[in-house]
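Chemist: Please find model37.txt (compact mmCIF, N, CA and C atoms and all ligand atoms) on the next line:
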# COMPACT_ATOMS: atom_id res chain seq x y z
N MET A 1 -9.44 -27.66 1.19
CA MET A 1 -10.14 -27.81 -0.09
C MET A 1 -11.60 -27.49 0.11
N ALA A 2 -12.13 -26.65 -0.75
CA ALA A 2 -13.48 -26.19 -0.57
C ALA A 2 -14.50 -27.23 -1.03
N SER A 3 -14.42 -27.61 -2.27
CA SER A 3 -15.38 -28.58 -2.76
C SER A 3 -14.77 -29.28 -3.96
N ILE A 4 -15.32 -30.43 -4.26
CA ILE A 4 -14.84 -31.14 -5.43
C ILE A 4 -16.05 -31.66 -6.20
N THR A 5 -15.97 -31.50 -7.51
CA THR A 5 -17.03 -32.02 -8.36
C THR A 5 -16.45 -33.14 -9.18
N VAL A 6 -17.13 -34.25 -9.19
CA VAL A 6 -16.66 -35.38 -9.98
C VAL A 6 -17.67 -35.64 -11.08
N GLY A 7 -17.26 -35.43 -12.31
CA GLY A 7 -18.12 -35.72 -13.45
C GLY A 7 -17.73 -37.05 -14.03
N VAL A 8 -18.68 -37.94 -14.19
CA VAL A 8 -18.35 -39.26 -14.72
C VAL A 8 -18.61 -39.28 -16.22
N GLU A 9 -17.56 -39.54 -16.97
CA GLU A 9 -17.65 -39.65 -18.42
C GLU A 9 -17.34 -41.09 -18.77
N PRO A 10 -17.65 -41.51 -20.01
CA PRO A 10 -17.53 -42.94 -20.34
C PRO A 10 -16.16 -43.54 -20.00
N GLU A 11 -15.10 -42.87 -20.41
CA GLU A 11 -13.78 -43.46 -20.18
C GLU A 11 -12.95 -42.66 -19.19
N SER A 12 -13.57 -41.74 -18.53
CA SER A 12 -12.79 -40.93 -17.59
C SER A 12 -13.71 -40.30 -16.55
N VAL A 13 -13.10 -39.76 -15.53
CA VAL A 13 -13.84 -38.91 -14.61
C VAL A 13 -13.22 -37.53 -14.70
N ARG A 14 -14.06 -36.54 -14.55
CA ARG A 14 -13.54 -35.18 -14.61
C ARG A 14 -13.58 -34.61 -13.19
N LEU A 15 -12.43 -34.20 -12.75
CA LEU A 15 -12.34 -33.64 -11.39
C LEU A 15 -12.24 -32.13 -11.47
N GLN A 16 -13.12 -31.48 -10.75
CA GLN A 16 -13.08 -30.02 -10.69
C GLN A 16 -13.01 -29.60 -9.24
N TYR A 17 -11.99 -28.86 -8.91
CA TYR A 17 -11.89 -28.37 -7.54
C TYR A 17 -10.93 -27.20 -7.48
N GLN A 18 -10.94 -26.57 -6.35
CA GLN A 18 -9.99 -25.48 -6.11
C GLN A 18 -9.02 -25.95 -5.06
N PHE A 19 -7.82 -25.51 -5.17
CA PHE A 19 -6.90 -25.81 -4.08
C PHE A 19 -5.96 -24.65 -3.87
N ARG A 20 -5.36 -24.65 -2.74
CA ARG A 20 -4.43 -23.59 -2.40
C ARG A 20 -3.28 -24.20 -1.63
N ALA A 21 -2.07 -23.95 -2.09
CA ALA A 21 -0.91 -24.53 -1.43
C ALA A 21 -0.15 -23.44 -0.69
N ASN A 22 0.08 -23.68 0.59
CA ASN A 22 0.95 -22.80 1.40
C ASN A 22 0.71 -21.31 1.20
N GLY A 23 -0.55 -20.90 1.27
CA GLY A 23 -0.84 -19.48 1.21
C GLY A 23 -0.78 -18.88 -0.19
N ASP A 24 -0.62 -19.71 -1.22
CA ASP A 24 -0.70 -19.20 -2.59
C ASP A 24 -2.15 -18.82 -2.89
N ASP A 25 -2.34 -18.26 -4.08
CA ASP A 25 -3.71 -17.99 -4.52
C ASP A 25 -4.43 -19.31 -4.79
N TRP A 26 -5.75 -19.22 -4.72
CA TRP A 26 -6.55 -20.40 -5.06
C TRP A 26 -6.35 -20.71 -6.53
N ARG A 27 -6.24 -21.96 -6.83
CA ARG A 27 -6.12 -22.35 -8.22
C ARG A 27 -7.25 -23.32 -8.58
N GLN A 28 -7.73 -23.15 -9.77
CA GLN A 28 -8.80 -24.01 -10.27
C GLN A 28 -8.18 -25.23 -10.94
N VAL A 29 -8.71 -26.37 -10.62
CA VAL A 29 -8.28 -27.57 -11.31
C VAL A 29 -9.49 -28.16 -12.01
N ASN A 30 -9.33 -28.48 -13.24
CA ASN A 30 -10.40 -29.09 -14.00
C ASN A 30 -9.72 -30.09 -14.93
N THR A 31 -9.60 -31.30 -14.46
CA THR A 31 -8.79 -32.28 -15.17
C THR A 31 -9.53 -33.59 -15.36
N PRO A 32 -9.51 -34.09 -16.56
CA PRO A 32 -10.05 -35.44 -16.72
C PRO A 32 -9.01 -36.46 -16.27
N VAL A 33 -9.47 -37.48 -15.60
CA VAL A 33 -8.58 -38.58 -15.24
C VAL A 33 -9.11 -39.81 -15.94
N LYS A 34 -8.30 -40.39 -16.78
CA LYS A 34 -8.73 -41.55 -17.56
C LYS A 34 -8.96 -42.75 -16.67
N LEU A 35 -9.86 -43.58 -17.09
CA LEU A 35 -10.11 -44.82 -16.38
C LEU A 35 -9.61 -45.97 -17.25
N THR A 36 -9.06 -46.97 -16.61
CA THR A 36 -8.71 -48.17 -17.35
C THR A 36 -9.36 -49.35 -16.64
N ARG A 37 -9.53 -50.40 -17.37
CA ARG A 37 -10.21 -51.56 -16.81
C ARG A 37 -9.36 -52.80 -17.00
N THR A 38 -9.35 -53.63 -15.99
CA THR A 38 -8.67 -54.92 -16.13
C THR A 38 -9.69 -56.01 -15.79
N PRO A 39 -9.64 -57.13 -16.50
CA PRO A 39 -10.59 -58.21 -16.22
C PRO A 39 -10.33 -58.83 -14.85
N GLU A 40 -11.40 -59.13 -14.17
CA GLU A 40 -11.27 -59.80 -12.88
C GLU A 40 -11.18 -61.31 -13.11
N HIS A 41 -10.65 -61.97 -12.13
CA HIS A 41 -10.45 -63.41 -12.24
C HIS A 41 -11.74 -64.17 -12.55
N PHE A 42 -12.79 -63.82 -11.85
CA PHE A 42 -14.05 -64.56 -12.01
C PHE A 42 -15.07 -63.75 -12.79
N GLY A 43 -14.60 -63.10 -13.82
CA GLY A 43 -15.50 -62.30 -14.64
C GLY A 43 -15.64 -60.90 -14.09
N GLY A 44 -16.24 -60.06 -14.86
CA GLY A 44 -16.35 -58.66 -14.47
C GLY A 44 -15.04 -57.95 -14.70
N GLU A 45 -14.96 -56.71 -14.25
CA GLU A 45 -13.72 -55.98 -14.45
C GLU A 45 -13.50 -55.01 -13.31
N ARG A 46 -12.31 -54.68 -13.17
CA ARG A 46 -11.95 -53.73 -12.13
C ARG A 46 -11.58 -52.41 -12.79
N VAL A 47 -12.06 -51.33 -12.22
CA VAL A 47 -11.80 -50.01 -12.79
C VAL A 47 -10.66 -49.36 -12.02
N TRP A 48 -9.74 -48.82 -12.75
CA TRP A 48 -8.59 -48.13 -12.16
C TRP A 48 -8.55 -46.70 -12.69
N PHE A 49 -7.85 -45.88 -11.98
CA PHE A 49 -7.50 -44.58 -12.52
C PHE A 49 -6.22 -44.72 -13.33
N ALA A 50 -6.09 -43.96 -14.38
CA ALA A 50 -4.81 -43.85 -15.05
C ALA A 50 -4.22 -42.51 -14.61
N CYS A 51 -3.10 -42.58 -13.94
CA CYS A 51 -2.51 -41.36 -13.40
C CYS A 51 -2.24 -40.35 -14.52
N PRO A 52 -2.72 -39.11 -14.37
CA PRO A 52 -2.47 -38.09 -15.40
C PRO A 52 -0.98 -37.78 -15.57
N GLY A 53 -0.19 -38.10 -14.58
CA GLY A 53 1.24 -37.82 -14.66
C GLY A 53 1.99 -38.90 -15.41
N CYS A 54 1.87 -40.15 -14.98
CA CYS A 54 2.69 -41.21 -15.55
C CYS A 54 1.86 -42.25 -16.29
N GLU A 55 0.52 -42.10 -16.28
CA GLU A 55 -0.37 -42.99 -17.00
C GLU A 55 -0.41 -44.40 -16.42
N LYS A 56 0.21 -44.60 -15.30
CA LYS A 56 0.14 -45.93 -14.68
C LYS A 56 -1.21 -46.14 -14.03
N ARG A 57 -1.60 -47.39 -13.95
CA ARG A 57 -2.84 -47.73 -13.26
C ARG A 57 -2.66 -47.49 -11.77
N CYS A 58 -3.66 -46.89 -11.18
CA CYS A 58 -3.58 -46.77 -9.73
C CYS A 58 -4.98 -46.82 -9.13
N ALA A 59 -5.07 -47.34 -7.94
CA ALA A 59 -6.36 -47.47 -7.28
C ALA A 59 -6.76 -46.18 -6.58
N THR A 60 -5.78 -45.38 -6.23
CA THR A 60 -6.04 -44.14 -5.52
C THR A 60 -5.40 -43.00 -6.26
N ILE A 61 -6.16 -41.93 -6.35
CA ILE A 61 -5.59 -40.76 -7.00
C ILE A 61 -5.55 -39.66 -5.94
N TYR A 62 -4.46 -38.95 -5.86
CA TYR A 62 -4.34 -37.90 -4.85
C TYR A 62 -4.66 -36.56 -5.48
N ILE A 63 -5.48 -35.80 -4.83
CA ILE A 63 -5.98 -34.60 -5.48
C ILE A 63 -5.58 -33.32 -4.78
N HIS A 64 -4.55 -33.38 -3.96
CA HIS A 64 -4.05 -32.11 -3.44
C HIS A 64 -3.10 -31.56 -4.49
N GLY A 65 -3.42 -30.44 -5.05
CA GLY A 65 -2.70 -30.00 -6.23
C GLY A 65 -3.33 -30.68 -7.43
N LYS A 66 -2.52 -30.95 -8.43
CA LYS A 66 -3.07 -31.65 -9.59
C LYS A 66 -3.24 -33.12 -9.25
N PRO A 67 -4.26 -33.76 -9.85
CA PRO A 67 -4.44 -35.17 -9.55
C PRO A 67 -3.27 -35.99 -10.06
N ALA A 68 -2.84 -36.93 -9.26
CA ALA A 68 -1.75 -37.82 -9.66
C ALA A 68 -1.67 -38.98 -8.70
N CYS A 69 -0.97 -40.02 -9.12
CA CYS A 69 -0.79 -41.17 -8.25
C CYS A 69 0.22 -40.82 -7.15
N ARG A 70 0.38 -41.74 -6.23
CA ARG A 70 1.24 -41.43 -5.10
C ARG A 70 2.70 -41.22 -5.53
N THR A 71 3.14 -42.04 -6.46
CA THR A 71 4.53 -41.91 -6.92
C THR A 71 4.78 -40.53 -7.51
N CYS A 72 3.87 -40.09 -8.38
CA CYS A 72 4.03 -38.77 -8.99
C CYS A 72 3.95 -37.66 -7.94
N LYS A 73 3.04 -37.81 -7.00
CA LYS A 73 2.91 -36.81 -5.94
C LYS A 73 4.22 -36.62 -5.23
N ARG A 74 4.87 -37.73 -4.95
CA ARG A 74 6.12 -37.65 -4.23
C ARG A 74 7.17 -36.91 -5.02
N LEU A 75 7.17 -37.15 -6.32
CA LEU A 75 8.18 -36.52 -7.16
C LEU A 75 7.88 -35.04 -7.37
N THR A 76 6.64 -34.76 -7.75
CA THR A 76 6.32 -33.41 -8.17
C THR A 76 5.87 -32.52 -7.03
N TYR A 77 5.11 -33.09 -6.12
CA TYR A 77 4.56 -32.27 -5.05
C TYR A 77 5.10 -32.79 -3.73
N GLY A 78 6.38 -32.92 -3.69
CA GLY A 78 7.02 -33.52 -2.52
C GLY A 78 6.55 -32.92 -1.22
N CYS A 79 6.25 -31.63 -1.23
CA CYS A 79 5.96 -30.96 0.04
C CYS A 79 4.73 -31.54 0.73
N GLN A 80 3.81 -32.13 -0.04
CA GLN A 80 2.59 -32.63 0.58
C GLN A 80 2.84 -33.86 1.47
N VAL A 81 3.88 -34.60 1.15
CA VAL A 81 4.12 -35.79 1.96
C VAL A 81 5.41 -35.67 2.77
N GLU A 82 6.03 -34.50 2.68
CA GLU A 82 7.26 -34.32 3.43
C GLU A 82 6.99 -34.21 4.92
N LYS A 83 7.96 -34.62 5.66
CA LYS A 83 7.89 -34.40 7.10
C LYS A 83 8.21 -32.93 7.35
N PRO A 84 7.77 -32.42 8.52
CA PRO A 84 7.99 -30.99 8.79
C PRO A 84 9.45 -30.57 8.65
N TYR A 85 10.39 -31.39 9.13
CA TYR A 85 11.78 -30.94 9.06
C TYR A 85 12.26 -30.89 7.62
N GLU A 86 11.69 -31.77 6.77
CA GLU A 86 12.06 -31.73 5.36
C GLU A 86 11.52 -30.48 4.67
N GLN A 87 10.33 -30.07 5.07
CA GLN A 87 9.76 -28.85 4.51
C GLN A 87 10.64 -27.65 4.82
N HIS A 88 11.06 -27.57 6.09
CA HIS A 88 11.91 -26.44 6.48
C HIS A 88 13.25 -26.49 5.78
N LEU A 89 13.76 -27.70 5.65
CA LEU A 89 15.04 -27.86 4.98
C LEU A 89 14.92 -27.44 3.52
N ARG A 90 13.82 -27.78 2.91
CA ARG A 90 13.61 -27.43 1.50
C ARG A 90 13.48 -25.91 1.35
N GLN A 91 12.78 -25.28 2.31
CA GLN A 91 12.66 -23.82 2.27
C GLN A 91 14.04 -23.18 2.40
N ALA A 92 14.86 -23.73 3.27
CA ALA A 92 16.21 -23.20 3.47
C ALA A 92 17.03 -23.37 2.20
N ARG A 93 16.91 -24.55 1.56
CA ARG A 93 17.66 -24.80 0.31
C ARG A 93 17.22 -23.84 -0.79
N LYS A 94 15.92 -23.55 -0.78
CA LYS A 94 15.38 -22.66 -1.80
C LYS A 94 16.03 -21.28 -1.67
N ILE A 95 16.16 -20.82 -0.44
CA ILE A 95 16.79 -19.52 -0.21
C ILE A 95 18.25 -19.57 -0.62
N GLU A 96 18.93 -20.68 -0.28
CA GLU A 96 20.33 -20.82 -0.69
C GLU A 96 20.45 -20.75 -2.20
N ASN A 97 19.50 -21.38 -2.89
CA ASN A 97 19.54 -21.36 -4.35
C ASN A 97 19.36 -19.94 -4.89
N ILE A 98 18.47 -19.19 -4.26
CA ILE A 98 18.27 -17.80 -4.70
C ILE A 98 19.57 -17.02 -4.54
N ILE A 99 20.18 -17.17 -3.36
CA ILE A 99 21.42 -16.45 -3.08
C ILE A 99 22.50 -16.82 -4.11
N GLU A 100 22.64 -18.13 -4.34
CA GLU A 100 23.69 -18.57 -5.26
C GLU A 100 23.41 -18.17 -6.70
N SER A 101 22.13 -18.23 -7.08
CA SER A 101 21.82 -17.89 -8.47
C SER A 101 22.03 -16.40 -8.74
N ARG A 102 22.05 -15.62 -7.66
CA ARG A 102 22.30 -14.19 -7.84
C ARG A 102 23.77 -13.83 -7.64
N GLY A 103 24.58 -14.86 -7.43
CA GLY A 103 26.01 -14.61 -7.33
C GLY A 103 26.54 -14.52 -5.91
N GLY A 104 25.72 -14.87 -4.94
CA GLY A 104 26.16 -14.89 -3.56
C GLY A 104 26.89 -16.19 -3.26
N VAL A 105 27.35 -16.32 -2.03
CA VAL A 105 28.11 -17.51 -1.67
C VAL A 105 27.45 -18.22 -0.49
N VAL A 106 27.23 -19.51 -0.66
CA VAL A 106 26.70 -20.34 0.41
C VAL A 106 27.67 -21.50 0.59
N SER A 107 28.09 -21.73 1.83
CA SER A 107 28.93 -22.91 2.03
C SER A 107 28.46 -23.69 3.25
N HIS A 108 28.31 -24.96 3.08
CA HIS A 108 27.85 -25.86 4.14
C HIS A 108 26.59 -25.36 4.81
N GLY A 109 25.67 -24.87 4.02
CA GLY A 109 24.39 -24.44 4.57
C GLY A 109 24.41 -23.08 5.24
N ASP A 110 25.56 -22.41 5.17
CA ASP A 110 25.63 -21.05 5.72
C ASP A 110 25.73 -20.04 4.58
N ILE A 111 24.98 -18.97 4.74
CA ILE A 111 25.07 -17.92 3.73
C ILE A 111 26.26 -17.03 4.08
N ASP A 112 27.25 -17.04 3.19
CA ASP A 112 28.51 -16.35 3.48
C ASP A 112 28.61 -14.97 2.86
N ARG A 113 28.06 -14.82 1.67
CA ARG A 113 28.23 -13.52 1.04
C ARG A 113 27.00 -13.09 0.26
N LYS A 114 26.72 -11.81 0.36
CA LYS A 114 25.55 -11.21 -0.31
C LYS A 114 25.78 -11.16 -1.82
N PRO A 115 24.76 -11.54 -2.58
CA PRO A 115 24.90 -11.34 -4.03
C PRO A 115 25.11 -9.87 -4.33
N PRO A 116 26.04 -9.54 -5.23
CA PRO A 116 26.42 -8.14 -5.47
C PRO A 116 25.26 -7.21 -5.80
N THR A 117 24.28 -7.71 -6.55
CA THR A 117 23.21 -6.80 -6.99
C THR A 117 21.99 -6.84 -6.09
N MET A 118 22.07 -7.58 -4.98
CA MET A 118 20.90 -7.69 -4.12
C MET A 118 20.91 -6.59 -3.06
N HIS A 119 19.73 -6.00 -2.83
CA HIS A 119 19.64 -4.99 -1.78
C HIS A 119 19.91 -5.62 -0.41
N TRP A 120 20.50 -4.83 0.46
CA TRP A 120 20.78 -5.35 1.80
C TRP A 120 19.51 -5.77 2.52
N SER A 121 18.44 -4.98 2.35
CA SER A 121 17.20 -5.30 3.06
C SER A 121 16.66 -6.66 2.59
N THR A 122 16.73 -6.91 1.29
CA THR A 122 16.28 -8.19 0.75
C THR A 122 17.17 -9.31 1.29
N PHE A 123 18.46 -9.04 1.25
CA PHE A 123 19.41 -10.05 1.69
C PHE A 123 19.20 -10.41 3.16
N MET A 124 19.03 -9.37 4.01
CA MET A 124 18.86 -9.64 5.44
C MET A 124 17.57 -10.41 5.71
N ARG A 125 16.54 -10.10 4.91
CA ARG A 125 15.28 -10.81 5.08
C ARG A 125 15.46 -12.29 4.72
N LEU A 126 16.18 -12.54 3.64
CA LEU A 126 16.43 -13.92 3.23
C LEU A 126 17.27 -14.66 4.27
N VAL A 127 18.26 -13.97 4.80
CA VAL A 127 19.11 -14.59 5.82
C VAL A 127 18.27 -14.93 7.05
N ASP A 128 17.40 -14.01 7.45
CA ASP A 128 16.52 -14.27 8.59
C ASP A 128 15.66 -15.49 8.34
N ARG A 129 15.05 -15.53 7.18
CA ARG A 129 14.19 -16.66 6.86
C ARG A 129 14.98 -17.95 6.79
N HIS A 130 16.18 -17.85 6.26
CA HIS A 130 17.05 -19.02 6.17
C HIS A 130 17.38 -19.54 7.57
N ASP A 131 17.74 -18.62 8.46
CA ASP A 131 18.03 -19.01 9.84
C ASP A 131 16.82 -19.68 10.47
N TYR A 132 15.67 -19.05 10.26
CA TYR A 132 14.44 -19.57 10.84
C TYR A 132 14.18 -21.00 10.37
N HIS A 133 14.24 -21.21 9.06
CA HIS A 133 13.93 -22.54 8.53
C HIS A 133 14.99 -23.57 8.94
N THR A 134 16.24 -23.13 9.00
CA THR A 134 17.29 -24.05 9.42
C THR A 134 17.05 -24.48 10.86
N GLU A 135 16.72 -23.51 11.70
CA GLU A 135 16.49 -23.82 13.11
C GLU A 135 15.26 -24.71 13.28
N GLN A 136 14.18 -24.35 12.56
CA GLN A 136 12.96 -25.15 12.66
C GLN A 136 13.17 -26.57 12.17
N SER A 137 13.98 -26.74 11.13
CA SER A 137 14.20 -28.09 10.62
C SER A 137 14.94 -28.92 11.66
N LEU A 138 15.87 -28.29 12.35
CA LEU A 138 16.60 -29.01 13.41
C LEU A 138 15.67 -29.38 14.55
N ARG A 139 14.86 -28.42 14.96
CA ARG A 139 13.90 -28.69 16.03
C ARG A 139 12.96 -29.84 15.67
N ALA A 140 12.44 -29.75 14.43
CA ALA A 140 11.48 -30.77 13.98
C ALA A 140 12.14 -32.13 13.87
N ALA A 141 13.38 -32.12 13.40
CA ALA A 141 14.10 -33.39 13.27
C ALA A 141 14.35 -34.00 14.65
N LEU A 142 14.71 -33.14 15.60
CA LEU A 142 14.96 -33.63 16.96
C LEU A 142 13.68 -34.15 17.59
N ALA A 143 12.58 -33.49 17.28
CA ALA A 143 11.30 -33.90 17.87
C ALA A 143 10.88 -35.29 17.42
N THR A 144 11.36 -35.74 16.27
CA THR A 144 10.96 -37.06 15.78
C THR A 144 11.84 -38.16 16.35
N MET A 145 12.87 -37.80 17.08
CA MET A 145 13.79 -38.84 17.59
C MET A 145 13.27 -39.45 18.87
ZN ZN B 1 1.71 -41.23 -11.63
Once more with this new file: its structure as structure tokens, please.
Modeler:
Amino acid sequence: MASITVGVEPESVRLQYQFRANGDDWRQVNTPVKLTRTPEHFGGERVWFACPGCEKRCATIYIHGKPACRTCKRLTYGCQVEKPYEQHLRQARKIENIIESRGGVVSHGDIDRKPPTMHWSTFMRLVDRHDYHTEQSLRAALATM
């Protein structure tokens, strides 16, 4: 992350920053995050963020990608908190989904048949990447044991 600008407004803070996920293009984020207040036991008040995703009160807002609370981050931006083997597994599943959505056949995590309209070069590249991610996920999973 290059820089972040925090603008304080009466009922919200405005977060401006750029981020880039996994080699994608840089994206600009300019999002207000609402603030909510709860009374403290002995007077005064505590300021919370209201998560832009679920509107729940949260003490910490995560700003990799769009700002959101931890729960939302896990759901929407799972890759940021995934373990390495999960990332590879997800990449492998993504390729399987591409193959299947184009009419190919995947069984038990193996790519069995090329989608009829897919070029062989594209298919072989996907198979290579699938093999790579499958192998890396196994390695990473073993490394955590
Ligand atoms: Zn949330």
Chemist: Nearest to Ile95 (chain A) among A:Ile63, A:Arg70, A:Thr117, A:Arg129, with distances taken over only C-alpha atoms: which residue is it?
Modeler: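 Looking only at the distances to Ile95 (chain A), the closest residue turns out to be A:Arg129.
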Chemist: For CA of Ala59 (chain A) and CA of Pro10 (chain A), determine how far apart the two atoms are, in Å to one decimal place.
Modeler: 17.8 Å
Chemist: Which residue, A:Gln28, A:Gln16, A:Phe42, A:Leu35, has the smallest gap to Ile4 (chain A) when you use all atoms listed in the file?
Modeler: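 Between A:Gln28, A:Gln16, A:Phe42, A:Leu35, the residue approaching Ile4 (chain A) most closely is A:Gln16.
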Chemist: For Arg27 (chain A), please output as a PyMOL selection string all residues within 6 Å (counting only N, CA and C atoms; exclusion window: fewer than 2 positions along the same chain).
Modeler: chain A and resi 17-20+25+29
Chemist: Counting only C-alpha atoms and all ligand atoms, which residues of chain A fall within 10 Å of ligand ZN 1 (chain B), and what is the closest atom pair for each with its distance in Å at one decimal, ordered by chain and rising number, as a tab-separated table?
Modeler:
residue	atom	partner	partner_atom	distance
A:Phe49	CA	B:ZN1	ZN	9.8
A:Ala50	CA	B:ZN1	ZN	7.8
A:Cys51	CA	B:ZN1	ZN	4.6
A:Pro52	CA	B:ZN1	ZN	6.4
A:Gly53	CA	B:ZN1	ZN	4.6
A:Cys54	CA	B:ZN1	ZN	4.0
A:Glu55	CA	B:ZN1	ZN	6.0
A:Lys56	CA	B:ZN1	ZN	5.8
A:Arg57	CA	B:ZN1	ZN	8.1
A:Cys58	CA	B:ZN1	ZN	7.9
A:Ile61	CA	B:ZN1	ZN	8.7
A:Tyr62	CA	B:ZN1	ZN	9.7
A:Pro67	CA	B:ZN1	ZN	8.9
A:Ala68	CA	B:ZN1	ZN	5.2
A:Cys69	CA	B:ZN1	ZN	4.2
A:Arg70	CA	B:ZN1	ZN	6.5
A:Thr71	CA	B:ZN1	ZN	5.5
A:Cys72	CA	B:ZN1	ZN	4.3
A:Lys73	CA	B:ZN1	ZN	7.3
A:Arg74	CA	B:ZN1	ZN	9.3
A:Leu75	CA	B:ZN1	ZN	9.2
A:Thr76	CA	B:ZN1	ZN	9.7
Chemist: With all atoms listed in the file as the counted atoms, please give the residues lying no more than 8 Å from region 121-126 of chain A, apart from itself and same-chain residues fewer than 6 positions off, as a ChimeraX atom specification.
Modeler: /A:95-96,114-115,132
Chemist: Would you mind reading off the distance between CA of Ala141 (chain A) and CA of Gln87 (chain A), one decimal, in Å?
Modeler: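 About the pair CA of Ala141 (chain A) and CA of Gln87 (chain A): they are 10.8 Å apart.
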Chemist: How far is it from atom C of Ser137 (chain A) to CA of His119 (chain A), in Å with one decimal?
Modeler: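 Here the two named atoms are 27.8 Å from each other.
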Chemist: Please run DSSP on the backbone and report, as number ranges by chain, all residues within chain A that come out as helix (DSSP H, G or I).
Modeler: A: 70-76, 78-80, 84-101, 120-143
Chemist: With all atoms listed in the file as the basis for distance, which of A:Met118, A:Val33, A:Pro84, A:Ser101 is at the shortest distance from Val13 (chain A)?
Modeler: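 Closest to Val13 (chain A) of all the choices is A:Val33.
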Chemist: Looking at all atoms listed in the file, which of A:Pro116, A:His41, A:Trp26, A:Lys34 is the one that sits closest to Arg14 (chain A)?
Modeler: A:Lys34
Chemist: Counting all atoms listed in the file, what is within 6 Å of Arg113 (chain A), bar same-chain residues fewer than 5 positions away, as a list of chain:residue names?
Modeler: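 So, after excluding close chain neighbours, the residues are A:Gly104, A:Val105, A:Val106.
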Chemist: Taking only chain A into account, list the residues labelled strand (DSSP E) by DSSP (computed from the backbone), as number ranges by chain.
Modeler: A: 4-9, 12-19, 27-39, 45-50, 57-58, 105-107, 110-113
